[in-house]
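Colleague: target01.pdb is reproduced in full below (PDB, C-alpha atoms).
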```
ATOM      1  CA  MET A   1     115.908 248.079 141.701
ATOM      2  CA  LEU A   2     115.430 246.320 138.378
ATOM      3  CA  GLU A   3     117.950 248.111 136.228
ATOM      4  CA  GLY A   4     121.052 250.160 136.510
ATOM      5  CA  GLY A   5     123.462 248.786 139.113
ATOM      6  CA  ASP A   6     125.742 245.884 139.883
ATOM      7  CA  GLY A   7     123.285 244.670 142.503
ATOM      8  CA  ASP A   8     120.629 244.467 139.806
ATOM      9  CA  CYS A   9     122.849 242.206 137.724
ATOM     10  CA  VAL A  10     123.571 239.954 140.697
ATOM     11  CA  ALA A  11     119.866 239.830 141.589
ATOM     12  CA  LEU A  12     118.912 238.814 138.045
ATOM     13  CA  GLU A  13     121.727 236.269 137.951
ATOM     14  CA  PHE A  14     120.384 234.784 141.187
ATOM     15  CA  VAL A  15     116.934 234.426 139.615
ATOM     16  CA  ARG A  16     118.412 232.937 136.416
ATOM     17  CA  PHE A  17     120.521 230.502 138.447
ATOM     18  CA  VAL A  18     117.516 229.271 140.403
ATOM     19  CA  LEU A  19     115.334 228.949 137.308
ATOM     20  CA  ARG A  20     118.056 226.951 135.518
ATOM     21  CA  GLN A  21     118.294 224.637 138.531
ATOM     22  CA  ASN A  22     114.502 224.211 138.584
ATOM     23  CA  PRO A  23     113.328 223.905 134.963
ATOM     24  CA  ASN A  24     109.997 222.384 136.002
ATOM     25  CA  ALA A  25     109.121 225.466 138.041
ATOM     26  CA  THR A  26     106.830 227.166 135.548
ATOM     27  CA  ASP A  27     104.272 229.016 137.667
ATOM     28  CA  PHE A  28     104.901 231.788 140.164
ATOM     29  CA  VAL A  29     104.299 229.657 143.261
ATOM     30  CA  SER A  30     106.794 226.961 142.266
ATOM     31  CA  ARG A  31     109.335 229.592 141.221
ATOM     32  CA  TYR A  32     108.852 231.480 144.488
ATOM     33  CA  ASP A  33     109.383 228.239 146.425
ATOM     34  CA  ALA A  34     112.557 227.483 144.436
ATOM     35  CA  LEU A  35     113.890 231.006 145.005
ATOM     36  CA  THR A  36     113.243 230.903 148.744
ATOM     37  CA  ARG A  37     114.836 227.442 149.046
ATOM     38  CA  ALA A  38     117.941 228.704 147.240
ATOM     39  CA  ALA A  39     118.119 231.769 149.489
ATOM     40  CA  SER A  40     117.698 229.638 152.598
ATOM     41  CA  ALA A  41     120.442 227.253 151.453
ATOM     42  CA  ARG A  42     122.691 230.121 150.298
ATOM     43  CA  ALA A  43     122.984 228.169 147.038
ATOM     44  CA  PHE A  44     124.044 231.144 144.908
ATOM     45  CA  ASN A  45     127.387 232.720 145.819
ATOM     46  CA  ASP A  46     126.632 232.127 149.517
ATOM     47  CA  LEU A  47     123.915 234.819 149.401
ATOM     48  CA  GLY A  48     121.104 234.431 151.918
ATOM     49  CA  TYR A  49     117.913 236.360 152.573
ATOM     50  CA  ARG A  50     119.636 239.406 154.063
ATOM     51  CA  GLU A  51     122.217 239.770 151.296
ATOM     52  CA  LEU A  52     119.624 239.232 148.579
ATOM     53  CA  ALA A  53     117.352 241.831 150.171
ATOM     54  CA  GLU A  54     120.222 244.331 150.023
ATOM     55  CA  LEU A  55     120.451 243.558 146.289
ATOM     56  CA  GLY A  56     116.721 244.113 145.794
ATOM     57  CA  VAL A  57     115.394 240.552 146.031
ATOM     58  CA  SER A  58     112.595 240.553 148.582
ATOM     59  CA  PHE A  59     110.442 237.569 149.428
ATOM     60  CA  SER A  60     107.892 239.689 151.265
ATOM     61  CA  LEU A  61     104.334 239.035 150.151
ATOM     62  CA  SER A  62     103.941 242.766 149.599
ATOM     63  CA  ALA A  63     106.820 242.622 147.090
ATOM     64  CA  THR A  64     105.549 239.776 144.923
ATOM     65  CA  GLY A  65     104.907 242.147 142.019
ATOM     66  CA  HIS A  66     108.558 243.174 142.041
ATOM     67  CA  LEU A  67     109.676 239.549 142.247
ATOM     68  CA  GLU A  68     107.372 238.621 139.356
ATOM     69  CA  GLU A  69     108.950 241.406 137.294
ATOM     70  CA  MET A  70     112.435 240.132 138.105
ATOM     71  CA  ILE A  71     111.411 236.631 137.012
ATOM     72  CA  ARG A  72     109.971 238.060 133.799
ATOM     73  CA  GLN A  73     113.188 239.948 133.104
ATOM     74  CA  ALA A  74     115.348 236.934 133.918
ATOM     75  CA  THR A  75     113.398 234.753 131.516
ATOM     76  CA  THR A  76     113.132 237.223 128.641
ATOM     77  CA  GLN A  77     116.428 239.121 128.636
ATOM     78  CA  ASP A  78     119.674 237.743 127.290
ATOM     79  CA  PRO A  79     122.185 237.689 130.167
ATOM     80  CA  THR A  80     125.082 238.865 127.961
TER      81      THR A  80
END
```
Please lay out the structure from this file as structure tokens.

Modeller:
Amino acid sequence: MLEGGDGDCVALEFVRFVLRQNPNATDFVSRYDALTRAASARAFNDLGYRELAELGVSFSLSATGHLEEMIRQATTQDPT
């Protein structure tokens, strides 16, 4: 779920939001921690784990490759 739908845009915006709030998070572990903290606190548009999972953001260890790809896209693509 990396391209194509409104949920994809919201998911990437969530990742961008968290990375902007945590500029010192430069490796995957620190970014993962920042993303999970934001999900737990519902810091982005009141979206928690369940809502983010429905949008394609999974924090499952088996989905780390997908999350890494989302981070890559969020940091390399222009949001406009």

Colleague: Could you spell out the hits of the PyMOL selection byres ((chain A and resi 37) around 12) on the shown file, as a PDB file with C-alpha atoms, in the coordinates of the input?

Modeller:
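See expr-v2.pdb below for the written result:
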```pdb
ATOM      1  CA  VAL A  15     116.934 234.426 139.615  1.00  0.00           C
ATOM      2  CA  VAL A  18     117.516 229.271 140.403  1.00  0.00           C
ATOM      3  CA  LEU A  19     115.334 228.949 137.308  1.00  0.00           C
ATOM      4  CA  GLN A  21     118.294 224.637 138.531  1.00  0.00           C
ATOM      5  CA  ASN A  22     114.502 224.211 138.584  1.00  0.00           C
ATOM      6  CA  SER A  30     106.794 226.961 142.266  1.00  0.00           C
ATOM      7  CA  ARG A  31     109.335 229.592 141.221  1.00  0.00           C
ATOM      8  CA  TYR A  32     108.852 231.480 144.488  1.00  0.00           C
ATOM      9  CA  ASP A  33     109.383 228.239 146.425  1.00  0.00           C
ATOM     10  CA  ALA A  34     112.557 227.483 144.436  1.00  0.00           C
ATOM     11  CA  LEU A  35     113.890 231.006 145.005  1.00  0.00           C
ATOM     12  CA  THR A  36     113.243 230.903 148.744  1.00  0.00           C
ATOM     13  CA  ALA A  38     117.941 228.704 147.240  1.00  0.00           C
ATOM     14  CA  ALA A  39     118.119 231.769 149.489  1.00  0.00           C
ATOM     15  CA  SER A  40     117.698 229.638 152.598  1.00  0.00           C
ATOM     16  CA  ALA A  41     120.442 227.253 151.453  1.00  0.00           C
ATOM     17  CA  ARG A  42     122.691 230.121 150.298  1.00  0.00           C
ATOM     18  CA  ALA A  43     122.984 228.169 147.038  1.00  0.00           C
ATOM     19  CA  PHE A  44     124.044 231.144 144.908  1.00  0.00           C
ATOM     20  CA  LEU A  47     123.915 234.819 149.401  1.00  0.00           C
ATOM     21  CA  GLY A  48     121.104 234.431 151.918  1.00  0.00           C
ATOM     22  CA  TYR A  49     117.913 236.360 152.573  1.00  0.00           C
ATOM     23  CA  PHE A  59     110.442 237.569 149.428  1.00  0.00           C
TER      24      PHE A  59
END
```

Colleague: As an exercise, work out the distance from atom CA of Asn24 of chain A to atom CA of Arg50 of chain A in Å and give it to one decimal place.

Modeller: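 Separation of atom CA of Asn24 of chain A and atom CA of Arg50 of chain A: 26.6 Å.
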
Colleague: By how many Å are atom CA of Asn45 of chain A and atom CA of Gly65 of chain A apart?

Modeller: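 Calculated distance between atom CA of Asn45 of chain A and atom CA of Gly65 of chain A is 24.7 Å.
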
Colleague: Which value, in Å to one decimal, gives the distance between atom CA of Met70 of chain A and atom CA of Ala11 of chain A?

Modeller: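 The value is 8.2 Å.
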
Colleague: As a check of understanding, name the residues that the PyMOL selection byres ((chain A and resi 13) around 12) selects in the supplied structure, as a ChimeraX atom specification.

Modeller: /A:2,6-12,14-20,35,44-45,47,52,55,57,70-71,73-75,77-80

Colleague: Tell me which of A:Ala53, A:Arg72, A:Ser60, A:Asp46 sits closest to Thr26 of chain A, counting only C-alpha atoms.

Modeller: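 Going through A:Ala53, A:Arg72, A:Ser60, A:Asp46 one by one, the smallest distance to Thr26 of chain A is for A:Arg72.
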